[in-house]
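Below is final_24.cif, which holds mmCIF, C-alpha atoms.
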```cif
data_work
loop_
_atom_site.label_atom_id
_atom_site.label_comp_id
_atom_site.auth_asym_id
_atom_site.auth_seq_id
_atom_site.Cartn_x
_atom_site.Cartn_y
_atom_site.Cartn_z
CA MET A 1 41.30 8.19 14.70
CA LYS A 2 38.03 6.23 14.93
CA ILE A 3 36.03 9.46 15.22
CA THR A 4 37.70 10.77 12.05
CA ARG A 5 36.63 7.62 10.16
CA LEU A 6 33.10 8.01 11.47
CA PHE A 7 32.89 11.60 10.22
CA ALA A 8 34.41 10.56 6.89
CA ALA A 9 31.77 7.83 6.48
CA LEU A 10 28.88 10.05 7.57
CA PRO A 11 28.19 11.60 4.11
CA VAL A 12 28.13 8.14 2.54
CA LEU A 13 25.68 6.90 5.18
CA MET A 14 23.44 9.95 4.73
CA LEU A 15 23.42 9.46 0.95
CA ALA A 16 22.47 5.80 1.40
CA LEU A 17 19.55 6.76 3.66
CA VAL A 18 18.32 9.43 1.26
CA ALA A 19 18.68 7.10 -1.73
CA CYS A 20 16.35 4.61 -0.04
CA THR A 21 13.56 7.16 0.45
CA THR A 22 11.13 7.78 -2.40
CA THR A 23 8.87 10.82 -2.35
CA GLY A 24 6.10 12.15 -4.54
CA PHE A 25 3.18 14.51 -4.76
CA GLY A 26 -0.32 14.77 -6.11
CA GLY A 27 -3.24 17.11 -6.25
CA GLY A 28 -6.98 17.13 -6.09
CA GLN A 29 -10.19 19.00 -5.46
CA LEU A 30 -12.42 18.72 -2.41
CA ALA A 31 -16.13 19.06 -3.17
CA GLY A 32 -19.37 18.43 -1.36
CA PRO A 33 -23.06 19.27 -1.59
CA GLY A 34 -23.50 23.03 -1.31
CA ALA A 35 -19.80 23.64 -0.70
CA GLN A 36 -17.23 25.48 -2.74
CA GLU A 37 -14.42 23.39 -4.27
CA GLU A 38 -11.11 23.55 -2.42
CA PRO A 39 -7.67 22.49 -3.69
CA VAL A 40 -5.92 19.62 -1.92
CA ALA A 41 -2.16 19.04 -2.11
CA PHE A 42 -0.92 15.51 -1.46
CA SER A 43 2.61 14.40 -0.66
CA TRP A 44 3.95 10.97 0.20
CA SER A 45 7.18 9.37 1.36
CA SER A 46 8.22 5.73 1.27
CA THR A 47 11.26 3.64 2.15
CA ASP A 48 10.15 0.57 0.16
CA GLY A 49 9.77 1.98 -3.35
CA GLY A 50 6.30 3.44 -2.91
CA MET A 51 4.56 0.26 -1.76
CA SER A 52 3.81 1.73 1.69
CA GLY A 53 4.70 4.84 3.60
CA THR A 54 3.34 8.09 4.94
CA MET A 55 0.99 10.50 3.20
CA THR A 56 -0.14 14.07 3.84
CA ALA A 57 -3.19 15.80 2.38
CA ALA A 58 -3.14 19.58 2.85
CA LEU A 59 -6.37 21.57 2.50
CA PRO A 60 -6.43 25.35 2.89
CA ASN A 61 -7.29 25.17 6.63
CA VAL A 62 -6.21 21.71 7.79
CA SER A 63 -3.75 18.91 7.04
CA TYR A 64 -4.28 15.18 7.34
CA GLN A 65 -1.46 12.67 7.84
CA GLY A 66 -1.25 8.90 8.02
CA ARG A 67 -0.09 5.69 6.40
CA PHE A 68 -0.77 4.27 2.96
CA PHE A 69 -0.40 0.68 1.74
CA GLN A 70 -0.47 -0.86 -1.69
CA ILE A 71 -2.40 -4.12 -1.50
CA THR A 72 -0.32 -6.86 -3.10
CA GLN A 73 -0.22 -10.63 -2.92
CA GLN A 74 2.34 -10.26 -0.11
CA THR A 75 0.20 -7.90 2.02
CA ARG A 76 -0.88 -9.41 5.32
CA GLY A 77 -4.37 -8.66 6.58
CA GLU A 78 -3.25 -7.50 10.02
CA VAL A 79 -1.17 -4.74 8.40
CA LEU A 80 -4.35 -3.19 7.00
CA THR A 81 -6.48 -3.61 10.15
CA PRO A 82 -5.63 -0.15 11.60
CA LEU A 83 -7.07 1.49 8.47
CA TRP A 84 -10.59 0.22 9.18
CA THR A 85 -10.89 0.83 12.94
CA HIS A 86 -12.18 4.43 12.96
CA TRP A 87 -14.85 3.97 10.30
CA ASN A 88 -18.45 2.86 10.67
CA ARG A 89 -18.52 -0.87 9.84
CA GLY A 90 -14.93 -0.81 8.63
CA TRP A 91 -15.00 0.19 4.96
CA TYR A 92 -18.02 -1.90 4.01
CA ASP A 93 -20.11 1.28 3.67
CA TRP A 94 -17.56 2.76 1.21
CA PRO A 95 -16.04 -0.30 -0.44
CA TYR A 96 -13.51 -0.74 -3.17
CA TRP A 97 -16.00 -2.80 -5.15
CA SER A 98 -19.28 -1.55 -6.64
CA GLY A 99 -21.70 -0.98 -3.77
CA PRO A 100 -22.33 -0.84 -0.03
CA VAL A 101 -22.52 -4.59 0.39
CA SER A 102 -20.38 -7.23 2.00
CA PRO A 103 -17.82 -8.82 -0.30
CA PRO A 104 -19.00 -12.05 -1.94
CA TYR A 105 -15.74 -13.82 -1.03
CA PRO A 106 -13.74 -14.53 2.11
CA ALA A 107 -11.71 -11.59 3.49
CA THR A 108 -8.47 -13.52 2.91
CA GLN A 109 -9.06 -13.25 -0.85
CA PHE A 110 -9.37 -9.45 -0.65
CA ILE A 111 -5.60 -9.08 -0.66
CA THR A 112 -4.97 -11.20 -3.74
CA PHE A 113 -7.91 -9.81 -5.72
CA TYR A 114 -7.03 -6.13 -5.24
CA SER A 115 -3.39 -6.12 -6.27
CA GLY A 116 -2.39 -2.66 -7.56
CA LYS A 117 -4.73 -0.73 -5.24
CA VAL A 118 -3.63 1.67 -2.51
CA VAL A 119 -5.58 2.40 0.67
CA ALA A 120 -4.88 5.03 3.34
CA THR A 121 -6.43 6.53 6.43
CA LEU A 122 -5.23 10.03 7.28
CA GLU A 123 -6.00 12.03 10.42
CA SER A 124 -5.98 15.75 11.23
CA PRO A 125 -4.73 17.25 14.52
CA GLY A 126 -8.43 17.69 15.47
CA ASN A 127 -9.04 13.92 15.03
CA GLN A 128 -10.96 14.34 11.77
CA ARG A 129 -10.28 11.52 9.32
CA MET A 130 -9.87 11.04 5.60
CA ARG A 131 -9.93 7.61 3.98
CA CYS A 132 -8.46 7.13 0.53
CA ARG A 133 -8.44 4.53 -2.24
CA PHE A 134 -6.24 4.87 -5.30
CA HIS A 135 -5.65 2.80 -8.41
CA LEU A 136 -2.04 2.75 -9.60
CA VAL A 137 -1.07 3.18 -13.24
CA GLU A 138 2.05 1.02 -12.83
CA PRO A 139 1.53 -1.12 -9.70
CA ALA A 140 5.04 -2.62 -9.79
CA ARG A 141 6.46 0.90 -9.31
CA GLY A 142 4.22 1.70 -6.34
CA MET A 143 3.13 5.30 -5.92
CA SER A 144 6.06 6.37 -8.11
CA GLY A 145 4.21 4.96 -11.12
CA GLY A 146 1.34 7.40 -10.60
CA GLY A 147 -2.33 6.85 -10.14
CA GLU A 148 -5.66 8.36 -9.29
CA GLY A 149 -8.49 7.84 -6.88
CA GLN A 150 -10.78 9.26 -4.29
CA CYS A 151 -10.69 10.22 -0.62
CA GLN A 152 -13.62 10.76 1.71
CA LEU A 153 -13.61 13.00 4.77
CA SER A 154 -15.47 12.11 7.97
CA ASP A 155 -18.22 14.56 7.00
CA GLY A 156 -18.80 12.78 3.67
CA ARG A 157 -17.14 15.31 1.34
CA LEU A 158 -15.03 13.76 -1.42
CA VAL A 159 -11.62 14.52 -2.89
CA GLN A 160 -10.75 13.45 -6.43
CA ALA A 161 -6.97 12.95 -6.45
CA VAL A 162 -4.31 12.43 -9.12
CA PHE A 163 -0.69 11.40 -8.61
CA PRO A 164 1.60 11.92 -11.59
CA GLY A 165 4.12 9.20 -12.40
CA LYS A 166 7.81 9.89 -12.11
#
```
As a first step, turn the structure in this file into structure tokens.
Amino acid sequence: MKITRLFAALPVLMLALVACTTTGFGGGQLAGPGAQEEPVAFSWSSTDGGMSGTMTAALPNVSYQGRFFQITQQTRGEVLTPLWTHWNRGWYDWPYWSGPVSPPYPATQFITFYSGKVVATLESPGNQRMRCRFHLVEPARGMSGGGEGQCQLSDGRLVQAVFPGK
């Protein structure tokens, strides 16, 4: 009798899990000096409304996967620390502000100042990396609200990316 109830409740539980997951997609173009442009397909999945989750960037010959985070007033610095570890000098050489300089304010203010921004570090099976920074159109809706930005591969090539809103 208990097993019958479990099987009867299973579809409801599955629906609840699916209802809590938000997914989306985006696209872009990879370009670099002397290289031909390549299309890039992005997809993302989140269980908190698009504020954080997993992201995939698929190029014609390789895919990158990793985590993304929207920086909000509630974001804790230690959550973002893994994003900086594989890059030369963190992200100070490719900052979210206007030049390769140290920020003119304490690091604790970074989180409050950059509300509505998304950062991600993605990795390929061959340990190549892609770092991304996006600006959201509707920050309160997370990635679901759409946005655009840029990613940089380990070799310096750039991807211009766009995520349509839902």
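Atom pair CA of Thr21 (chain A) / CA of Met143 (chain A): separated by 12.4 Å.
Note that CA of Gly26 (chain A) and CA of Pro164 (chain A) are 6.5 Å apart.
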Please enumerate the residues selected by the PyMOL selection byres ((chain A and resi 30) around 8) when evaluated against the supplied file, formatted as JSON, numbers by chain. {"A": [28, 29, 31, 32, 37, 38, 39, 40, 157, 158, 159, 160]}
Leu136 (chain A) proximity check over A:Gly49, A:Gly34, A:Gly116, A:Gly165, using only C-alpha atoms: winner is A:Gly116
Item to complete: On this file, the PyMOL selection byres ((chain A and resi 58) around 6) gives some set of residues; write that set as number ranges by chain.
Response: A: 40-41, 57, 59, 63
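If you look at CA of Glu138 (chain A) and CA of Phe163 (chain A), they are 11.5 Å away from each other.
With distances taken over all atoms listed in the file, A:Arg133 is the one residue among A:Leu83, A:Ala140, A:Arg133, A:Ala35 lying closest to Ala161 (chain A).
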request  = Would you kindly return, as number ranges by chain, each protein, DNA or RNA residue with an atom no farther than 12 Å from any atom of Arg67 (chain A), considering only C-alpha atoms and excluding same-chain residues fewer than 4 positions away?
outcome  = A: 43-46, 50-57, 79-83, 118-123, 130-132
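Taken over the whole file, the PyMOL selection byres ((chain A and resi 148) around 6) covers exactly Phe134, His135, Gly147, Gly149, Ala161, Val162 and Phe163 of chain A.
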For Arg129 (chain A), the closest of A:Phe69, A:Gly142, A:Tyr64, A:Phe42 counting all atoms listed in the file is A:Tyr64
